[in-house]
Amino acid sequence: MAFFSWSDGYSVGIREIDEQHKKLVTLVNQLYEAMQGGKASDVLGTILGELIRYTKYHFSAEEKLMETHAYPELAAHKQEHMDLTEKVIELENKFKAGKVTISLEVGKFLKEWLLRHIQGTDKKYGPYLNSKGVK
């Protein structure tokens with residue numbers, strides 16, 4: 001059973017963004033499975049790095065859509081993205097320096113943040129962007 005299973009209830013109603021969210025879920029699951037399997041830190045570091053890179057790509061894509069369509073809550077949404085990005089980069093730097101291990105708590109944090117972000121913040125822009133013709 002997957003650590004984090006995608007549900008259609010997580011859909012924001014925008015195909016491109018839903019696909020990106022599914023990819024993020026897959027990456028969180030890969031990180032969790034590597035932790036569960038006792039994989040070496042280099043494998044965990046590679047997966048964590050990919051998760052960070054893809055998250056930045058995803059955030060940029062979301063923000064571009066919101067900017068293009070003058071989403072009124074863009075500033076708050078961008079701040080939420082910046083806060084997570086800073087936190088995860090700090091975690092990655094500590095991991096690379098050997099100061100922190102990738103633990104189940106880290107996996108749970110990423111899963112819970114992603115769930116809260118999709119179901120809370122992201123669900124708000126879906127109807128707005130749909131009304132602007134974004135599907």
# chains A, B, ... in the order shown; residues from 1 in each chain; ligands from 1

$ residues_around --residues "stretch 52-55 of chain A" --least-positions-apart "5" --cutoff "9 Å" --atoms "only C-alpha atoms" --output "list in words"
Gln20, Lys23, Leu24, Leu27, Ile47, Ser60, Thr85, Val88, Ile89 and Glu92 of chain A

$ residues_around --residues "A:Tyr32" --least-positions-apart "6" --cutoff "12 Å" --atoms "only C-alpha atoms" --output "list in words"
Met1, Ala2, Phe3, Phe4, Val25, Thr26, Gly38, Lys39, Val43, Leu44, Ile47, Leu48, Leu51, Ile102, Ser103, Leu104, Glu105, Val106, Gly107, Lys108, Phe109, Leu110 and Lys111 of chain A

$ closest_residue --among "A:Thr121, A:Ser41, A:Ser131, A:Thr101" --to "A:Glu62" --atoms "only C-alpha atoms"
A:Thr121

$ select_by_dssp --residues "chain A" --states "alpha helix (DSSP H)" --output "PyMOL selection string"
chain A and resi 15-36+41-68+74-96+104-116+123-131

$ residues_around --residues "A:His117" --least-positions-apart "2" --cutoff "12 Å" --atoms "only C-alpha atoms" --output "number ranges by chain"
A: 10-12, 21, 59, 77-78, 80-81, 83-84, 109-115, 119-125

$ atom_distance --atom1 "atom CA of A:Val134" --atom2 "atom CA of A:Glu63"
13.6 Å

$ decode --residues "stretch 10-55 of chain A" --atoms "C-alpha atoms" --output "mmCIF file, in the first residue's frame"
data_model
loop_
_atom_site.group_PDB
_atom_site.id
_atom_site.type_symbol
_atom_site.label_atom_id
_atom_site.label_comp_id
_atom_site.auth_asym_id
_atom_site.auth_seq_id
_atom_site.Cartn_x
_atom_site.Cartn_y
_atom_site.Cartn_z
ATOM 1 C CA TYR A 10 -7.536 16.182 -4.580
ATOM 2 C CA SER A 11 -8.181 17.440 -8.118
ATOM 3 C CA VAL A 12 -8.139 21.218 -8.554
ATOM 4 C CA GLY A 13 -9.913 20.878 -11.919
ATOM 5 C CA ILE A 14 -6.906 21.866 -14.021
ATOM 6 C CA ARG A 15 -5.410 18.902 -15.874
ATOM 7 C CA GLU A 16 -1.818 20.203 -16.028
ATOM 8 C CA ILE A 17 -1.736 21.019 -12.309
ATOM 9 C CA ASP A 18 -3.417 17.752 -11.313
ATOM 10 C CA GLU A 19 -0.762 15.843 -13.274
ATOM 11 C CA GLN A 20 1.976 17.804 -11.518
ATOM 12 C CA HIS A 21 0.388 17.080 -8.142
ATOM 13 C CA LYS A 22 0.300 13.377 -9.017
ATOM 14 C CA LYS A 23 4.023 13.522 -9.839
ATOM 15 C CA LEU A 24 4.711 15.161 -6.457
ATOM 16 C CA VAL A 25 2.732 12.392 -4.749
ATOM 17 C CA THR A 26 4.818 9.819 -6.645
ATOM 18 C CA LEU A 27 8.048 11.492 -5.516
ATOM 19 C CA VAL A 28 6.919 11.625 -1.874
ATOM 20 C CA ASN A 29 6.082 7.908 -2.157
ATOM 21 C CA GLN A 30 9.506 7.142 -3.658
ATOM 22 C CA LEU A 31 11.211 8.985 -0.798
ATOM 23 C CA TYR A 32 9.125 7.113 1.753
ATOM 24 C CA GLU A 33 9.766 3.725 0.105
ATOM 25 C CA ALA A 34 13.503 4.416 0.021
ATOM 26 C CA MET A 35 13.416 5.294 3.736
ATOM 27 C CA GLN A 36 11.400 2.173 4.543
ATOM 28 C CA GLY A 37 13.805 0.053 2.529
ATOM 29 C CA GLY A 38 16.820 1.404 4.388
ATOM 30 C CA LYS A 39 18.337 2.816 1.218
ATOM 31 C CA ALA A 40 21.709 4.493 1.396
ATOM 32 C CA SER A 41 21.821 8.229 1.990
ATOM 33 C CA ASP A 42 22.977 8.892 -1.581
ATOM 34 C CA VAL A 43 19.758 7.346 -2.904
ATOM 35 C CA LEU A 44 17.682 9.358 -0.430
ATOM 36 C CA GLY A 45 19.612 12.495 -1.371
ATOM 37 C CA THR A 46 18.940 11.915 -5.065
ATOM 38 C CA ILE A 47 15.199 11.460 -4.483
ATOM 39 C CA LEU A 48 15.037 14.472 -2.150
ATOM 40 C CA GLY A 49 16.871 16.578 -4.751
ATOM 41 C CA GLU A 50 14.434 15.500 -7.476
ATOM 42 C CA LEU A 51 11.489 16.284 -5.203
ATOM 43 C CA ILE A 52 12.873 19.769 -4.560
ATOM 44 C CA ARG A 53 13.564 20.440 -8.248
ATOM 45 C CA TYR A 54 10.133 19.252 -9.314
ATOM 46 C CA THR A 55 8.426 21.221 -6.547
#
